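Quick look at structure-v1.csv (CSV, N, CA and C atoms):
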```csv
chain,number,residue,atom,x,y,z
A,1,MET,N,19.9,-148.3,19.9
A,1,MET,CA,18.7,-149.0,20.3
A,1,MET,C,19.1,-150.1,21.2
A,2,THR,N,20.2,-150.8,20.9
A,2,THR,CA,20.6,-151.9,21.8
A,2,THR,C,21.0,-151.4,23.2
A,3,GLY,N,21.6,-150.2,23.2
A,3,GLY,CA,22.1,-149.7,24.5
A,3,GLY,C,20.9,-149.4,25.4
A,4,GLU,N,19.7,-149.1,24.9
A,4,GLU,CA,18.6,-148.8,25.7
A,4,GLU,C,18.0,-150.1,26.4
A,5,ILE,N,18.1,-151.2,25.7
A,5,ILE,CA,17.6,-152.5,26.2
A,5,ILE,C,18.4,-153.0,27.4
A,6,GLN,N,19.7,-152.9,27.3
A,6,GLN,CA,20.6,-153.5,28.2
A,6,GLN,C,20.4,-153.0,29.7
A,7,PRO,N,20.4,-151.6,29.9
A,7,PRO,CA,20.2,-151.1,31.2
A,7,PRO,C,18.8,-151.6,31.8
A,8,GLN,N,17.8,-151.7,31.0
A,8,GLN,CA,16.5,-152.1,31.4
A,8,GLN,C,16.6,-153.6,31.9
A,9,ARG,N,17.3,-154.4,31.1
A,9,ARG,CA,17.5,-155.8,31.5
A,9,ARG,C,18.3,-155.9,32.8
A,10,ALA,N,19.3,-155.1,32.9
A,10,ALA,CA,20.1,-155.1,34.2
A,10,ALA,C,19.3,-154.7,35.4
A,11,GLN,N,18.4,-153.7,35.2
A,11,GLN,CA,17.5,-153.3,36.2
A,11,GLN,C,16.6,-154.4,36.7
A,12,LEU,N,16.1,-155.2,35.7
A,12,LEU,CA,15.2,-156.3,36.0
A,12,LEU,C,16.0,-157.4,36.7
A,13,THR,N,17.3,-157.6,36.5
A,13,THR,CA,18.1,-158.6,37.1
A,13,THR,C,18.2,-158.3,38.6
A,14,TRP,N,18.4,-157.0,39.0
A,14,TRP,CA,18.7,-156.7,40.4
A,14,TRP,C,17.4,-156.3,41.1
A,15,LEU,N,16.3,-156.1,40.4
A,15,LEU,CA,15.1,-155.7,41.1
A,15,LEU,C,14.6,-156.7,42.1
A,16,PRO,N,14.5,-158.0,41.8
A,16,PRO,CA,14.1,-159.0,42.9
A,16,PRO,C,14.9,-159.0,44.1
A,17,TRP,N,16.2,-158.8,43.9
A,17,TRP,CA,17.2,-158.8,45.1
A,17,TRP,C,17.0,-157.5,45.9
A,18,GLY,N,16.7,-156.4,45.3
A,18,GLY,CA,16.5,-155.2,46.0
A,18,GLY,C,15.1,-155.3,46.8
A,19,LEU,N,14.1,-155.9,46.1
A,19,LEU,CA,12.9,-156.0,46.8
A,19,LEU,C,13.0,-157.0,48.0
A,20,ALA,N,13.7,-158.1,47.9
A,20,ALA,CA,13.9,-159.0,49.0
A,20,ALA,C,14.7,-158.3,50.1
A,21,LEU,N,15.7,-157.4,49.8
A,21,LEU,CA,16.4,-156.7,50.8
A,21,LEU,C,15.4,-155.7,51.5
A,22,LEU,N,14.6,-155.0,50.7
A,22,LEU,CA,13.7,-154.0,51.3
A,22,LEU,C,12.7,-154.8,52.2
A,23,SER,N,12.2,-155.9,51.8
A,23,SER,CA,11.3,-156.7,52.6
A,23,SER,C,12.0,-157.1,53.9
A,24,GLY,N,13.2,-157.5,53.9
A,24,GLY,CA,13.9,-157.9,55.1
A,24,GLY,C,14.1,-156.7,56.0
A,25,LEU,N,14.4,-155.5,55.5
A,25,LEU,CA,14.5,-154.3,56.3
A,25,LEU,C,13.1,-154.0,56.9
A,26,MET,N,12.0,-154.2,56.2
A,26,MET,CA,10.7,-153.9,56.7
A,26,MET,C,10.3,-154.9,57.8
A,27,VAL,N,10.6,-156.2,57.5
A,27,VAL,CA,10.2,-157.2,58.6
A,27,VAL,C,11.0,-156.9,59.8
A,28,GLY,N,12.3,-156.6,59.7
A,28,GLY,CA,13.1,-156.3,60.9
A,28,GLY,C,12.6,-155.0,61.6
A,29,GLY,N,12.1,-154.1,60.9
A,29,GLY,CA,11.5,-152.9,61.5
A,29,GLY,C,10.2,-153.1,62.2
A,30,CYS,N,9.7,-154.3,62.1
A,30,CYS,CA,8.4,-154.6,62.9
A,30,CYS,C,8.7,-155.0,64.3
A,31,PHE,N,9.9,-155.2,64.7
A,31,PHE,CA,10.3,-155.7,66.0
A,31,PHE,C,11.2,-154.6,66.8
A,32,PRO,N,11.2,-154.8,68.1
A,32,PRO,CA,12.1,-153.8,68.9
A,32,PRO,C,13.5,-153.9,68.3
A,33,PRO,N,14.2,-152.8,68.3
A,33,PRO,CA,13.9,-151.5,69.0
A,33,PRO,C,13.1,-150.5,68.0
A,34,PHE,N,12.7,-150.9,66.9
A,34,PHE,CA,12.0,-150.0,66.0
A,34,PHE,C,10.5,-150.1,66.1
A,35,GLU,N,10.0,-150.7,67.1
A,35,GLU,CA,8.5,-150.9,67.3
A,35,GLU,C,7.9,-149.6,67.8
A,36,PHE,N,7.6,-148.7,66.9
A,36,PHE,CA,6.9,-147.4,67.3
A,36,PHE,C,5.5,-147.4,66.9
A,37,SER,N,4.7,-146.6,67.5
A,37,SER,CA,3.2,-146.6,67.2
A,37,SER,C,3.0,-146.1,65.8
A,38,GLY,N,3.9,-145.3,65.3
A,38,GLY,CA,3.7,-144.8,63.9
A,38,GLY,C,4.0,-145.8,62.9
A,39,LEU,N,4.6,-146.9,63.3
A,39,LEU,CA,4.9,-148.0,62.3
A,39,LEU,C,3.9,-149.2,62.5
A,40,SER,N,2.8,-148.9,63.0
A,40,SER,CA,1.8,-150.0,63.2
A,40,SER,C,1.3,-150.6,61.9
A,41,TRP,N,1.4,-150.0,60.8
A,41,TRP,CA,1.0,-150.5,59.5
A,41,TRP,C,2.1,-151.4,58.9
A,42,LEU,N,3.3,-151.3,59.4
A,42,LEU,CA,4.4,-152.0,58.7
A,42,LEU,C,4.3,-153.5,58.7
A,43,PRO,N,3.8,-154.2,59.8
A,43,PRO,CA,3.7,-155.7,59.6
A,43,PRO,C,2.7,-156.1,58.5
A,44,TRP,N,1.8,-155.3,58.2
A,44,TRP,CA,0.8,-155.7,57.2
A,44,TRP,C,1.3,-155.6,55.8
A,45,VAL,N,2.4,-154.9,55.6
A,45,VAL,CA,2.9,-154.7,54.2
A,45,VAL,C,4.4,-155.2,54.1
A,46,ALA,N,5.0,-155.7,55.2
A,46,ALA,CA,6.4,-155.9,55.2
A,46,ALA,C,6.8,-157.0,54.2
A,47,LEU,N,6.0,-158.0,53.9
A,47,LEU,CA,6.4,-159.1,53.0
A,47,LEU,C,5.9,-158.8,51.6
A,48,ALA,N,5.2,-157.7,51.4
A,48,ALA,CA,4.8,-157.4,50.0
A,48,ALA,C,5.9,-157.3,49.0
A,49,PRO,N,7.0,-156.6,49.3
A,49,PRO,CA,8.1,-156.6,48.3
A,49,PRO,C,8.6,-158.0,47.9
A,50,LEU,N,8.8,-158.8,48.9
A,50,LEU,CA,9.2,-160.2,48.7
A,50,LEU,C,8.2,-161.0,47.8
A,51,CYS,N,7.0,-160.8,48.1
A,51,CYS,CA,5.9,-161.5,47.3
A,51,CYS,C,6.0,-160.9,45.9
A,52,TRP,N,6.2,-159.7,45.7
A,52,TRP,CA,6.3,-159.1,44.4
A,52,TRP,C,7.5,-159.7,43.6
A,53,ALA,N,8.6,-159.9,44.3
A,53,ALA,CA,9.8,-160.5,43.7
A,53,ALA,C,9.6,-161.9,43.4
A,54,LEU,N,8.8,-162.6,44.2
A,54,LEU,CA,8.6,-164.1,43.9
A,54,LEU,C,7.5,-164.3,42.9
A,55,TRP,N,6.5,-163.5,42.9
A,55,TRP,CA,5.3,-163.8,42.1
A,55,TRP,C,5.1,-163.0,40.8
A,56,ILE,N,5.7,-161.8,40.8
A,56,ILE,CA,5.4,-161.0,39.7
A,56,ILE,C,6.6,-160.7,38.8
A,57,SER,N,7.8,-160.7,39.4
A,57,SER,CA,8.9,-160.3,38.6
A,57,SER,C,9.2,-161.5,37.6
A,58,PRO,N,9.9,-161.2,36.5
A,58,PRO,CA,10.2,-162.2,35.5
A,58,PRO,C,11.1,-163.3,36.1
A,59,ARG,N,10.8,-164.6,35.7
A,59,ARG,CA,11.6,-165.7,36.3
A,59,ARG,C,12.6,-166.2,35.2
A,60,PRO,N,13.7,-166.8,35.7
A,60,PRO,CA,14.7,-167.4,34.8
A,60,PRO,C,14.0,-168.5,34.0
A,61,ALA,N,14.7,-168.8,32.9
A,61,ALA,CA,14.2,-169.8,31.9
A,61,ALA,C,14.2,-171.2,32.5
A,62,SER,N,15.1,-171.6,33.3
A,62,SER,CA,15.2,-172.9,33.9
A,62,SER,C,14.5,-173.0,35.2
A,63,SER,N,13.8,-174.1,35.4
A,63,SER,CA,13.0,-174.2,36.7
A,63,SER,C,14.0,-174.4,37.9
A,64,LYS,N,15.1,-175.1,37.6
A,64,LYS,CA,16.1,-175.2,38.7
A,64,LYS,C,16.7,-173.8,39.1
A,65,LEU,N,17.0,-173.0,38.1
A,65,LEU,CA,17.4,-171.7,38.4
A,65,LEU,C,16.4,-170.9,39.2
A,66,TRP,N,15.1,-171.0,38.8
A,66,TRP,CA,14.0,-170.3,39.5
A,66,TRP,C,13.9,-170.8,40.9
A,67,ALA,N,14.0,-172.1,41.1
A,67,ALA,CA,13.8,-172.6,42.5
A,67,ALA,C,15.0,-172.1,43.4
A,68,ARG,N,16.2,-172.1,42.8
A,68,ARG,CA,17.4,-171.6,43.6
A,68,ARG,C,17.2,-170.1,43.9
A,69,GLN,N,16.8,-169.3,42.9
A,69,GLN,CA,16.6,-167.9,43.1
A,69,GLN,C,15.5,-167.6,44.1
A,70,ALA,N,14.4,-168.4,44.0
A,70,ALA,CA,13.3,-168.2,45.0
A,70,ALA,C,13.8,-168.5,46.4
A,71,PHE,N,14.5,-169.5,46.6
A,71,PHE,CA,15.1,-169.8,47.9
A,71,PHE,C,16.0,-168.8,48.4
A,72,LEU,N,16.9,-168.3,47.5
A,72,LEU,CA,17.9,-167.3,47.9
A,72,LEU,C,17.3,-165.9,48.2
A,73,LEU,N,16.2,-165.6,47.5
A,73,LEU,CA,15.5,-164.4,47.7
A,73,LEU,C,14.9,-164.4,49.1
A,74,GLY,N,14.2,-165.5,49.5
A,74,GLY,CA,13.7,-165.7,50.8
A,74,GLY,C,14.7,-165.7,51.9
A,75,TRP,N,15.8,-166.3,51.6
A,75,TRP,CA,16.9,-166.4,52.6
A,75,TRP,C,17.5,-165.0,52.8
A,76,LEU,N,17.7,-164.2,51.8
A,76,LEU,CA,18.2,-162.9,51.9
A,76,LEU,C,17.3,-162.1,52.8
A,77,CYS,N,16.0,-162.1,52.5
A,77,CYS,CA,15.0,-161.4,53.3
A,77,CYS,C,15.0,-161.8,54.8
A,78,GLY,N,15.1,-163.1,55.0
A,78,GLY,CA,15.1,-163.6,56.4
A,78,GLY,C,16.4,-163.3,57.1
A,79,THR,N,17.5,-163.4,56.5
A,79,THR,CA,18.8,-163.1,57.1
A,79,THR,C,18.8,-161.6,57.5
A,80,VAL,N,18.4,-160.7,56.6
A,80,VAL,CA,18.4,-159.3,56.9
A,80,VAL,C,17.5,-159.0,58.1
A,81,SER,N,16.3,-159.6,58.0
A,81,SER,CA,15.3,-159.3,59.1
A,81,SER,C,15.8,-159.8,60.5
A,82,PHE,N,16.4,-161.0,60.5
A,82,PHE,CA,16.9,-161.5,61.7
A,82,PHE,C,18.2,-160.8,62.2
A,83,LEU,N,19.0,-160.3,61.3
A,83,LEU,CA,20.1,-159.4,61.7
A,83,LEU,C,19.6,-158.2,62.4
A,84,ILE,N,18.5,-157.7,62.0
A,84,ILE,CA,17.9,-156.5,62.7
A,84,ILE,C,17.3,-156.9,64.0
A,85,SER,N,16.4,-157.9,64.0
A,85,SER,CA,15.6,-158.2,65.2
A,85,SER,C,16.4,-159.0,66.3
A,86,LEU,N,17.5,-159.6,65.9
A,86,LEU,CA,18.3,-160.3,66.9
A,86,LEU,C,19.6,-159.6,67.3
A,87,PHE,N,19.6,-158.3,67.0
A,87,PHE,CA,20.8,-157.5,67.3
A,87,PHE,C,21.2,-157.5,68.8
A,88,TRP,N,20.2,-157.8,69.7
A,88,TRP,CA,20.5,-157.9,71.1
A,88,TRP,C,21.5,-159.0,71.4
A,89,ILE,N,21.7,-159.9,70.6
A,89,ILE,CA,22.6,-161.1,70.8
A,89,ILE,C,24.1,-160.6,70.8
A,90,THR,N,24.3,-159.4,70.2
A,90,THR,CA,25.7,-158.9,70.1
A,90,THR,C,26.2,-158.6,71.5
A,91,THR,N,25.4,-158.5,72.5
A,91,THR,CA,25.9,-158.3,73.9
A,91,THR,C,26.6,-159.5,74.4
A,92,VAL,N,26.3,-160.7,73.8
A,92,VAL,CA,26.9,-161.9,74.2
A,92,VAL,C,28.0,-162.3,73.2
A,93,THR,N,27.7,-162.4,71.9
A,93,THR,CA,28.6,-162.7,70.9
A,93,THR,C,28.2,-162.2,69.5
A,94,GLY,N,29.2,-161.5,68.9
A,94,GLY,CA,28.9,-161.0,67.5
A,94,GLY,C,28.9,-162.0,66.5
A,95,LEU,N,29.8,-163.0,66.5
A,95,LEU,CA,29.8,-164.0,65.5
A,95,LEU,C,28.6,-164.9,65.6
A,96,GLY,N,28.1,-165.2,66.8
A,96,GLY,CA,26.9,-166.0,67.1
A,96,GLY,C,25.7,-165.3,66.5
A,97,TRP,N,25.6,-164.0,66.6
A,97,TRP,CA,24.5,-163.2,66.1
A,97,TRP,C,24.5,-163.3,64.6
A,98,ILE,N,25.6,-163.2,63.9
A,98,ILE,CA,25.6,-163.4,62.4
A,98,ILE,C,25.3,-164.8,62.0
A,99,LEU,N,25.9,-165.8,62.6
A,99,LEU,CA,25.6,-167.2,62.3
A,99,LEU,C,24.2,-167.6,62.6
A,100,LEU,N,23.6,-167.1,63.7
A,100,LEU,CA,22.3,-167.5,64.0
A,100,LEU,C,21.3,-166.8,63.0
A,101,SER,N,21.6,-165.6,62.6
A,101,SER,CA,20.7,-164.9,61.7
A,101,SER,C,20.8,-165.6,60.3
A,102,ILE,N,21.9,-166.1,59.9
A,102,ILE,CA,22.0,-166.8,58.6
A,102,ILE,C,21.3,-168.1,58.7
A,103,VAL,N,21.4,-168.8,59.8
A,103,VAL,CA,20.7,-170.1,59.9
A,103,VAL,C,19.2,-170.0,60.1
A,104,VAL,N,18.8,-169.0,60.9
A,104,VAL,CA,17.3,-168.9,61.0
A,104,VAL,C,16.7,-168.2,59.8
A,105,GLY,N,17.5,-167.5,59.0
A,105,GLY,CA,17.0,-167.0,57.7
A,105,GLY,C,16.7,-168.1,56.7
A,106,LEU,N,17.1,-169.3,57.0
A,106,LEU,CA,16.8,-170.5,56.1
A,106,LEU,C,15.3,-170.7,56.2
A,107,TYR,N,14.6,-170.4,57.3
A,107,TYR,CA,13.1,-170.6,57.3
A,107,TYR,C,12.4,-169.7,56.3
A,108,HIS,N,12.9,-168.5,56.2
A,108,HIS,CA,12.4,-167.6,55.1
A,108,HIS,C,12.7,-168.1,53.7
A,109,GLY,N,13.9,-168.7,53.6
A,109,GLY,CA,14.3,-169.3,52.4
A,109,GLY,C,13.4,-170.4,51.9
A,110,LEU,N,13.0,-171.3,52.9
A,110,LEU,CA,12.1,-172.4,52.6
A,110,LEU,C,10.7,-171.8,52.2
A,111,TRP,N,10.3,-170.8,52.9
A,111,TRP,CA,9.0,-170.2,52.5
A,111,TRP,C,9.1,-169.6,51.1
A,112,GLY,N,10.2,-168.9,50.8
A,112,GLY,CA,10.4,-168.4,49.4
A,112,GLY,C,10.4,-169.5,48.4
A,113,LEU,N,11.0,-170.6,48.7
A,113,LEU,CA,11.0,-171.7,47.7
A,113,LEU,C,9.6,-172.2,47.5
A,114,PHE,N,8.9,-172.4,48.6
A,114,PHE,CA,7.5,-172.9,48.4
A,114,PHE,C,6.6,-171.9,47.7
A,115,SER,N,6.8,-170.6,48.1
A,115,SER,CA,6.0,-169.6,47.6
A,115,SER,C,6.2,-169.3,46.1
A,116,GLY,N,7.5,-169.4,45.7
A,116,GLY,CA,7.9,-169.1,44.3
A,116,GLY,C,7.6,-170.3,43.4
A,117,VAL,N,7.8,-171.5,43.9
A,117,VAL,CA,7.6,-172.7,43.0
A,117,VAL,C,6.2,-173.2,43.0
A,118,VAL,N,5.5,-173.2,44.2
A,118,VAL,CA,4.2,-173.8,44.3
A,118,VAL,C,3.1,-172.8,44.1
A,119,LEU,N,3.2,-171.7,44.8
A,119,LEU,CA,2.1,-170.7,44.8
A,119,LEU,C,2.1,-169.8,43.6
A,120,ARG,N,3.2,-169.5,43.0
A,120,ARG,CA,3.3,-168.7,41.8
A,120,ARG,C,2.5,-169.3,40.6
A,121,PRO,N,2.7,-170.6,40.3
A,121,PRO,CA,2.0,-171.1,39.2
A,121,PRO,C,0.5,-171.2,39.5
A,122,ILE,N,0.1,-171.3,40.7
A,122,ILE,CA,-1.4,-171.3,41.0
A,122,ILE,C,-1.9,-169.9,40.7
A,123,GLY,N,-1.2,-168.9,41.1
A,123,GLY,CA,-1.7,-167.5,40.9
A,123,GLY,C,-1.7,-167.0,39.5
A,124,ASN,N,-0.9,-167.4,38.6
A,124,ASN,CA,-0.9,-166.9,37.3
A,124,ASN,C,-1.2,-167.9,36.2
A,125,GLY,N,-1.8,-169.0,36.5
A,125,GLY,CA,-2.2,-169.9,35.5
A,125,GLY,C,-1.1,-170.7,34.8
A,126,GLY,N,0.0,-171.0,35.5
A,126,GLY,CA,1.0,-171.8,34.9
A,126,GLY,C,2.3,-171.1,34.8
A,127,GLY,N,2.4,-169.8,35.1
A,127,GLY,CA,3.7,-169.1,35.2
A,127,GLY,C,4.3,-168.7,33.9
A,128,GLY,N,4.0,-167.5,33.4
A,128,GLY,CA,4.7,-167.0,32.2
A,128,GLY,C,6.0,-166.3,32.6
A,129,ARG,N,6.8,-165.9,31.7
A,129,ARG,CA,8.1,-165.3,32.0
A,129,ARG,C,8.1,-163.8,31.9
A,130,ARG,N,7.0,-163.2,31.4
A,130,ARG,CA,7.0,-161.8,31.1
A,130,ARG,C,6.7,-160.9,32.3
A,131,GLY,N,6.2,-161.4,33.3
A,131,GLY,CA,5.9,-160.5,34.5
A,131,GLY,C,4.4,-160.2,34.5
A,132,TRP,N,4.1,-159.0,35.1
A,132,TRP,CA,2.7,-158.7,35.4
A,132,TRP,C,2.0,-158.1,34.3
A,133,ARG,N,2.7,-157.7,33.2
A,133,ARG,CA,2.0,-157.1,32.0
A,133,ARG,C,1.8,-158.1,30.9
A,134,GLU,N,1.3,-159.3,31.2
A,134,GLU,CA,1.1,-160.3,30.2
A,134,GLU,C,-0.1,-160.1,29.3
```

Could you render the structure from this file as structure tokens?
Amino acid sequence: MTGEIQPQRAQLTWLPWGLALLSGLMVGGCFPPFEFSGLSWLPWVALAPLCWALWISPRPASSKLWARQAFLLGWLCGTVSFLISLFWITTVTGLGWILLSIVVGLYHGLWGLFSGVVLRPIGNGGGGRRGWRE
């Protein structure tokens, strides 16, 4: 019985990070060179996985840990999206491309911090830890 609970808990641990990564890939896919007419729906749903990770997934017990995790989830999403959309900078410098993507990804991190700490309690009446099936 205990063996069945552990994989489920491990899945919940990595789920927000996978959703933030997916959201970063989707946001990056909204810009050239991936800007195809068949992907015109993508900008409308690109941040949905990150919002799911910030608002609906279970949060850590400590508010400091939650604030740090919310910031890092946004930062991961932003860094991945800027690595894709700023790929053209590699014609000048590869290291500059990576460093610029990491630095500009901080903007998404700040949004993740605000969204996870301020907006989440507004949306679910104080913020429980159990997720969307409360």

Taking 2 positions as the minimum chain separation for residues in the same chain, which residues sit within 6 Å of region 24-38 of chain A when counting all atoms listed in the file? Answer as a ChimeraX atom specification.
/A:19-22,40-43,46,76-78,80-82,84-85

Keeping N, CA and C atoms for every residue in the selection just given, could you write it to a file as a PDB file, in the frame of the given file?
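Below is the file that was written, out26.pdb:
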```pdb
ATOM      1  N   LEU A  19      14.100-155.900  46.100  1.00  0.00           N
ATOM      2  CA  LEU A  19      12.900-156.000  46.800  1.00  0.00           C
ATOM      3  C   LEU A  19      13.000-157.000  48.000  1.00  0.00           C
ATOM      4  N   ALA A  20      13.700-158.100  47.900  1.00  0.00           N
ATOM      5  CA  ALA A  20      13.900-159.000  49.000  1.00  0.00           C
ATOM      6  C   ALA A  20      14.700-158.300  50.100  1.00  0.00           C
ATOM      7  N   LEU A  21      15.700-157.400  49.800  1.00  0.00           N
ATOM      8  CA  LEU A  21      16.400-156.700  50.800  1.00  0.00           C
ATOM      9  C   LEU A  21      15.400-155.700  51.500  1.00  0.00           C
ATOM     10  N   LEU A  22      14.600-155.000  50.700  1.00  0.00           N
ATOM     11  CA  LEU A  22      13.700-154.000  51.300  1.00  0.00           C
ATOM     12  C   LEU A  22      12.700-154.800  52.200  1.00  0.00           C
ATOM     13  N   SER A  40       2.800-148.900  63.000  1.00  0.00           N
ATOM     14  CA  SER A  40       1.800-150.000  63.200  1.00  0.00           C
ATOM     15  C   SER A  40       1.300-150.600  61.900  1.00  0.00           C
ATOM     16  N   TRP A  41       1.400-150.000  60.800  1.00  0.00           N
ATOM     17  CA  TRP A  41       1.000-150.500  59.500  1.00  0.00           C
ATOM     18  C   TRP A  41       2.100-151.400  58.900  1.00  0.00           C
ATOM     19  N   LEU A  42       3.300-151.300  59.400  1.00  0.00           N
ATOM     20  CA  LEU A  42       4.400-152.000  58.700  1.00  0.00           C
ATOM     21  C   LEU A  42       4.300-153.500  58.700  1.00  0.00           C
ATOM     22  N   PRO A  43       3.800-154.200  59.800  1.00  0.00           N
ATOM     23  CA  PRO A  43       3.700-155.700  59.600  1.00  0.00           C
ATOM     24  C   PRO A  43       2.700-156.100  58.500  1.00  0.00           C
ATOM     25  N   ALA A  46       5.000-155.700  55.200  1.00  0.00           N
ATOM     26  CA  ALA A  46       6.400-155.900  55.200  1.00  0.00           C
ATOM     27  C   ALA A  46       6.800-157.000  54.200  1.00  0.00           C
ATOM     28  N   LEU A  76      17.700-164.200  51.800  1.00  0.00           N
ATOM     29  CA  LEU A  76      18.200-162.900  51.900  1.00  0.00           C
ATOM     30  C   LEU A  76      17.300-162.100  52.800  1.00  0.00           C
ATOM     31  N   CYS A  77      16.000-162.100  52.500  1.00  0.00           N
ATOM     32  CA  CYS A  77      15.000-161.400  53.300  1.00  0.00           C
ATOM     33  C   CYS A  77      15.000-161.800  54.800  1.00  0.00           C
ATOM     34  N   GLY A  78      15.100-163.100  55.000  1.00  0.00           N
ATOM     35  CA  GLY A  78      15.100-163.600  56.400  1.00  0.00           C
ATOM     36  C   GLY A  78      16.400-163.300  57.100  1.00  0.00           C
ATOM     37  N   VAL A  80      18.400-160.700  56.600  1.00  0.00           N
ATOM     38  CA  VAL A  80      18.400-159.300  56.900  1.00  0.00           C
ATOM     39  C   VAL A  80      17.500-159.000  58.100  1.00  0.00           C
ATOM     40  N   SER A  81      16.300-159.600  58.000  1.00  0.00           N
ATOM     41  CA  SER A  81      15.300-159.300  59.100  1.00  0.00           C
ATOM     42  C   SER A  81      15.800-159.800  60.500  1.00  0.00           C
ATOM     43  N   PHE A  82      16.400-161.000  60.500  1.00  0.00           N
ATOM     44  CA  PHE A  82      16.900-161.500  61.700  1.00  0.00           C
ATOM     45  C   PHE A  82      18.200-160.800  62.200  1.00  0.00           C
ATOM     46  N   ILE A  84      18.500-157.700  62.000  1.00  0.00           N
ATOM     47  CA  ILE A  84      17.900-156.500  62.700  1.00  0.00           C
ATOM     48  C   ILE A  84      17.300-156.900  64.000  1.00  0.00           C
ATOM     49  N   SER A  85      16.400-157.900  64.000  1.00  0.00           N
ATOM     50  CA  SER A  85      15.600-158.200  65.200  1.00  0.00           C
ATOM     51  C   SER A  85      16.400-159.000  66.300  1.00  0.00           C
TER      52      SER A  85
END
```

Atom pair atom N of Arg120 (chain A) / CA of Leu15 (chain A): separation (Å)
18.3 Å

Residues near Arg68 (chain A), cut-off 12 Å, only C-alpha atoms, skip fewer than 2 positions along chain, as a list in words
Leu54, Arg59, Pro60, Ser62, Ser63, Lys64, Leu65, Trp66, Ala70, Phe71, Leu72, Leu73, Gly74, Trp75, Gly109, Leu110, Gly112, Leu113, Phe114, Gly116 and Val117 of chain A

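Interatomic distance, atom C of Leu119 (chain A) against CA of Ala67 (chain A): 12.1 Å.
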
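Counting from CA of Thr13 (chain A), the distance to CA of Pro58 (chain A) is 8.8 Å.
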
DSSP on the backbone: what in region 15-126 of chain A comes out helix (DSSP H, G or I), as JSON, numbers by chain?
{"A": [15, 16, 17, 18, 19, 20, 21, 22, 23, 24, 25, 26, 27, 28, 37, 38, 39, 42, 43, 44, 45, 48, 49, 50, 51, 52, 53, 54, 55, 63, 64, 65, 66, 67, 68, 69, 70, 71, 72, 73, 74, 75, 76, 77, 78, 79, 80, 81, 82, 83, 84, 85, 87, 88, 89, 90, 91, 94, 95, 96, 97, 98, 99, 100, 101, 102, 103, 104, 105, 106, 107, 108, 109, 110, 111, 112, 113, 114, 115, 116, 117, 118, 119, 120, 121, 122, 123]}

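Nearest to Trp17 (chain A) of all the residues A:Trp52, A:Trp97, A:Trp88, A:Tyr107 is A:Trp52, counting only C-alpha atoms.
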
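Residue nearest Trp55 (chain A), chosen from A:Ser23, A:Leu86, A:Leu106, A:Ser115 and counting only N, CA and C atoms: A:Ser115.
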
Pop region 91-104 of chain A out of the structure in the block and write N, CA and C atoms as a short mmCIF file (atom, residue, chain, number, x, y, z; two decimals), in the first residue's frame.
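decode-v1.cif, freshly written:
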```
data_model
loop_
_atom_site.label_atom_id
_atom_site.label_comp_id
_atom_site.auth_asym_id
_atom_site.auth_seq_id
_atom_site.Cartn_x
_atom_site.Cartn_y
_atom_site.Cartn_z
N THR A 91 23.90 34.03 -33.66
CA THR A 91 24.75 34.46 -34.78
C THR A 91 25.82 35.43 -34.30
N VAL A 92 25.60 36.07 -33.16
CA VAL A 92 26.58 37.00 -32.60
C VAL A 92 27.38 36.33 -31.50
N THR A 93 26.68 35.77 -30.50
CA THR A 93 27.35 35.14 -29.37
C THR A 93 26.46 34.09 -28.73
N GLY A 94 27.00 32.93 -28.51
CA GLY A 94 26.23 31.86 -27.88
C GLY A 94 26.09 32.07 -26.38
N LEU A 95 27.15 32.48 -25.74
CA LEU A 95 27.11 32.72 -24.30
C LEU A 95 26.17 33.88 -23.97
N GLY A 96 26.19 34.92 -24.78
CA GLY A 96 25.30 36.05 -24.58
C GLY A 96 23.84 35.65 -24.72
N TRP A 97 23.55 34.74 -25.64
CA TRP A 97 22.19 34.23 -25.83
C TRP A 97 21.69 33.54 -24.56
N ILE A 98 22.53 32.68 -23.99
CA ILE A 98 22.13 31.95 -22.78
C ILE A 98 21.98 32.90 -21.60
N LEU A 99 22.97 33.78 -21.42
CA LEU A 99 22.90 34.71 -20.28
C LEU A 99 21.73 35.68 -20.41
N LEU A 100 21.49 36.19 -21.61
CA LEU A 100 20.36 37.10 -21.81
C LEU A 100 19.04 36.39 -21.55
N SER A 101 18.92 35.15 -21.98
CA SER A 101 17.68 34.39 -21.75
C SER A 101 17.46 34.16 -20.26
N ILE A 102 18.52 33.88 -19.52
CA ILE A 102 18.41 33.68 -18.08
C ILE A 102 17.99 34.97 -17.38
N VAL A 103 18.60 36.08 -17.78
CA VAL A 103 18.29 37.37 -17.15
C VAL A 103 16.88 37.84 -17.49
N VAL A 104 16.50 37.76 -18.77
CA VAL A 104 15.17 38.22 -19.17
C VAL A 104 14.10 37.26 -18.65
#
```
